[in-house]
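First comes the structure, then the notes that go with it.
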Amino acid sequence: MGKQNQLLETINFLIKKGFTNPEVGIVLGTGLGNLVHEIDTEKEIAYADIPNFPVATVEFHSGKLIYGTLLGKKVIVMSGRFHLYEGYNAWEVTYGIRTLHGLGIKNLLISNAAGAINLTYKKGDLMLIEDHINLQGNSPLAFKGANSFGNIFVDLLEPYSKNLNQKIKEIAQKNNILLHEGIYAAVLGPQLETRAEYRMLQILEADAVGMSTAPEVIVAKQLNLPCAAISVLTDECDPKNLQPVNIAQIIAIAGEAEPKMIALFKGVIEFL
């Protein structure tokens with residue numbers, strides 16, 4: 001089955017299941033699943049039950065699509081995302097974004113957990129992504145027939161919507177939430193970076209590093225879908241003083257910082 005037919009089958013299945021006329025799509029990152037409790041949920045379906053959908057394999061990603069109302073808007077939430085490090089290809093990693101767009105979302109909000117490369121940022125802080133560096137070694141637009149989904153030579157002058165970012169900054173200010181603005185470096189993973197790699201990322205002037213988001217944003221841009229992304233900074237990546245990584249602690253810090261991220265997402269959804 002060709003990619004277009006595959007996608008169409010997925011979209012038609014979800015429409016029949018009642019995933020109709022959504023306005024906002026939301027992708028929830030590692031340890032950041034609690035926004036779903038704020039939604040008046042109407043439909044919920046496991047990825048494993050959706051035709052052609054990849055299945056999230058990371059233990060702290062729940063792997064389901066949730067449809068409902070949040071602040072009077074119809075939203076679809078991807079609770080759990082896909083990563084290249086799970087063995088998926090770039091098409092599969094971004095399949096959810098193409099599905100949400102096919103269902104009709106007008107705006108996309110993305111969250112992730114990331115390491116702070118900028119040493120003035122602290123764990124538990126939030127960073128609004130203003131730009132990214134894709135170090136994953138591939139592109140979700142580099143496949144045969146990709147131009148049937150839109151222009152493959154996508155202009156990434158403004159990958160993150162200035163309009164959405166401005167609104168998020170205003171909401172942060174109004175709610176006294178410290179919100180950095182910076183550059184996200186997307187790496188393949190799943191291993192964490194060496195000290196030498198952290199030094200390289202500092203030289204590249206990245207402010208945070210993670211293993212997702214960039215492919216999703218590139219696809220959103222191909223589809224002319226405005227998006228904004230927030231990183232929850234879960235660890236400090238100081239090459240001169242590197243500590244062993246504790247994944248449980250990273251998840252705990254994501255959970256502590258999550259209410260601030262939820263407040264920002266709710267604020268921007270209200271405005272849309």
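In the structure tokens, each chain is lettered A, B, ... as it comes, each chain's residues begin at 1, and ligands are numbered from 1 in order of appearance.
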All residues 10 Å or closer to Gly189 in chain A, only C-alpha atoms, same chain fewer than 6 positions away omitted, as JSON, numbers by chain:
{"A": [83, 84, 85, 86, 136, 210, 211, 212]}
Write out as a list of chain:residue names which residues come within 9 Å of Lys43 in chain A when counting only C-alpha atoms, dropping same-chain ones fewer than 4 positions away.
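Once the nearby chain positions are removed, what remains is A:Lys17, A:Gly18, A:Phe19, A:Leu65, A:Ile66, A:Tyr67, A:Gly68.
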Residues flagged alpha helix (DSSP H) by DSSP in range 225-255 of chain A, as an MDAnalysis selection string:
chainID A and resid 247:255
As a ChimeraX atom specification, please: all residues of range 9-163 of chain A that backbone DSSP puts in strand (DSSP E or B).
/A:24-28,40-46,64-70,73-79,107-116,126-134
Could you turn the residues from that selection into a file that holds C-alpha atoms, as a PDB file, in the first residue's frame?
```
ATOM      1  CA  VAL A  24      -5.554  21.849  17.949  1.00  0.00           C
ATOM      2  CA  GLY A  25      -3.133  18.921  17.939  1.00  0.00           C
ATOM      3  CA  ILE A  26      -0.852  18.352  20.940  1.00  0.00           C
ATOM      4  CA  VAL A  27       2.183  16.059  21.221  1.00  0.00           C
ATOM      5  CA  LEU A  28       3.162  15.152  24.786  1.00  0.00           C
ATOM      6  CA  ASP A  40     -13.059  16.467  28.688  1.00  0.00           C
ATOM      7  CA  THR A  41     -12.304  13.222  26.860  1.00  0.00           C
ATOM      8  CA  GLU A  42     -14.778  11.918  24.282  1.00  0.00           C
ATOM      9  CA  LYS A  43     -12.688   9.287  22.506  1.00  0.00           C
ATOM     10  CA  GLU A  44      -9.518   7.423  23.354  1.00  0.00           C
ATOM     11  CA  ILE A  45      -7.774   4.819  21.245  1.00  0.00           C
ATOM     12  CA  ALA A  46      -4.492   2.939  21.679  1.00  0.00           C
ATOM     13  CA  LYS A  64      -2.709   6.544  22.729  1.00  0.00           C
ATOM     14  CA  LEU A  65      -4.639   9.131  20.808  1.00  0.00           C
ATOM     15  CA  ILE A  66      -7.095  11.182  22.879  1.00  0.00           C
ATOM     16  CA  TYR A  67      -9.898  13.362  21.491  1.00  0.00           C
ATOM     17  CA  GLY A  68     -12.004  15.775  23.484  1.00  0.00           C
ATOM     18  CA  THR A  69     -12.640  19.352  24.534  1.00  0.00           C
ATOM     19  CA  LEU A  70     -10.224  21.669  26.287  1.00  0.00           C
ATOM     20  CA  LYS A  73     -11.792  23.771  21.673  1.00  0.00           C
ATOM     21  CA  LYS A  74     -11.731  20.314  20.117  1.00  0.00           C
ATOM     22  CA  VAL A  75      -8.246  18.866  20.614  1.00  0.00           C
ATOM     23  CA  ILE A  76      -6.428  15.669  19.701  1.00  0.00           C
ATOM     24  CA  VAL A  77      -3.550  14.652  21.928  1.00  0.00           C
ATOM     25  CA  MET A  78      -0.785  12.243  21.035  1.00  0.00           C
ATOM     26  CA  SER A  79       0.006  10.839  24.447  1.00  0.00           C
ATOM     27  CA  ASN A 107      -2.367  24.508  15.064  1.00  0.00           C
ATOM     28  CA  LEU A 108       0.152  22.115  16.615  1.00  0.00           C
ATOM     29  CA  LEU A 109       1.647  22.312  20.113  1.00  0.00           C
ATOM     30  CA  ILE A 110       4.634  20.111  20.927  1.00  0.00           C
ATOM     31  CA  SER A 111       6.350  19.337  24.218  1.00  0.00           C
ATOM     32  CA  ASN A 112       9.543  17.466  25.008  1.00  0.00           C
ATOM     33  CA  ALA A 113      11.969  16.782  27.814  1.00  0.00           C
ATOM     34  CA  ALA A 114      15.465  18.084  27.040  1.00  0.00           C
ATOM     35  CA  GLY A 115      18.878  18.641  28.579  1.00  0.00           C
ATOM     36  CA  ALA A 116      20.065  22.190  29.228  1.00  0.00           C
ATOM     37  CA  LEU A 126      11.002  25.720  30.520  1.00  0.00           C
ATOM     38  CA  MET A 127      12.360  26.756  27.131  1.00  0.00           C
ATOM     39  CA  LEU A 128      10.315  27.945  24.189  1.00  0.00           C
ATOM     40  CA  ILE A 129      12.011  26.687  21.032  1.00  0.00           C
ATOM     41  CA  GLU A 130      12.762  29.544  18.634  1.00  0.00           C
ATOM     42  CA  ASP A 131      14.887  27.492  16.226  1.00  0.00           C
ATOM     43  CA  HIS A 132      16.491  24.072  15.957  1.00  0.00           C
ATOM     44  CA  ILE A 133      19.577  22.274  14.693  1.00  0.00           C
ATOM     45  CA  ASN A 134      18.764  18.890  13.194  1.00  0.00           C
TER      46      ASN A 134
END
```
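With only C-alpha atoms as the basis for measurement, A:Ala208 is the residue among A:Leu8, A:Val55, A:Ala208, A:Val154 that approaches Glu236 in chain A most closely.
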Fewer than 6 positions away in the same chain doesn't count, so skip those; otherwise give me all residues within 10 Å of Glu216 in chain A, counting only C-alpha atoms, as a list of chain:residue names.
A:Val27, A:Arg81, A:Phe82, A:Ala90, A:Trp91, A:Val93, A:Thr94, A:Tyr95, A:Gly96, A:Ile97, A:Arg98, A:Leu108, A:Ile110, A:Pro140, A:Cys227
Between CA of Gly124 in chain A and CA of Thr234 in chain A, what distance in Å does the model show, to one decimal?
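These two atoms are separated by 5.8 Å.
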What is the CA of Met261 in chain A to CA of Gly87 in chain A distance in Å?
28.7 Å
Please indicate the distance in Å from CA of Tyr184 in chain A to CA of Glu23 in chain A, rounded to one decimal place.
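Atom-to-atom, CA of Tyr184 in chain A and CA of Glu23 in chain A are spaced 26.1 Å apart.
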Which residue is closest to Gln202 in chain A? Choose from A:Ile117, A:Ala220, A:Ala172, A:Leu71 and count only C-alpha atoms.
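The closest residue to Gln202 in chain A is A:Ile117.
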Who sits within 12 Å of Asn176 in chain A, only C-alpha atoms, same chain under 5 positions skipped, as a PyMOL selection string:
chain A and resi 169-171+260+263-264
From A:Ala196, A:Leu201, A:Leu135, A:Val219, residue lying nearest Leu100 in chain A [only C-alpha atoms]:
A:Val219
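Restricting the calculation to only C-alpha atoms, the smallest distance between Tyr88 in chain A and any of A:Ile39, A:Phe53, A:Lys266, A:Leu7 is found for A:Phe53.
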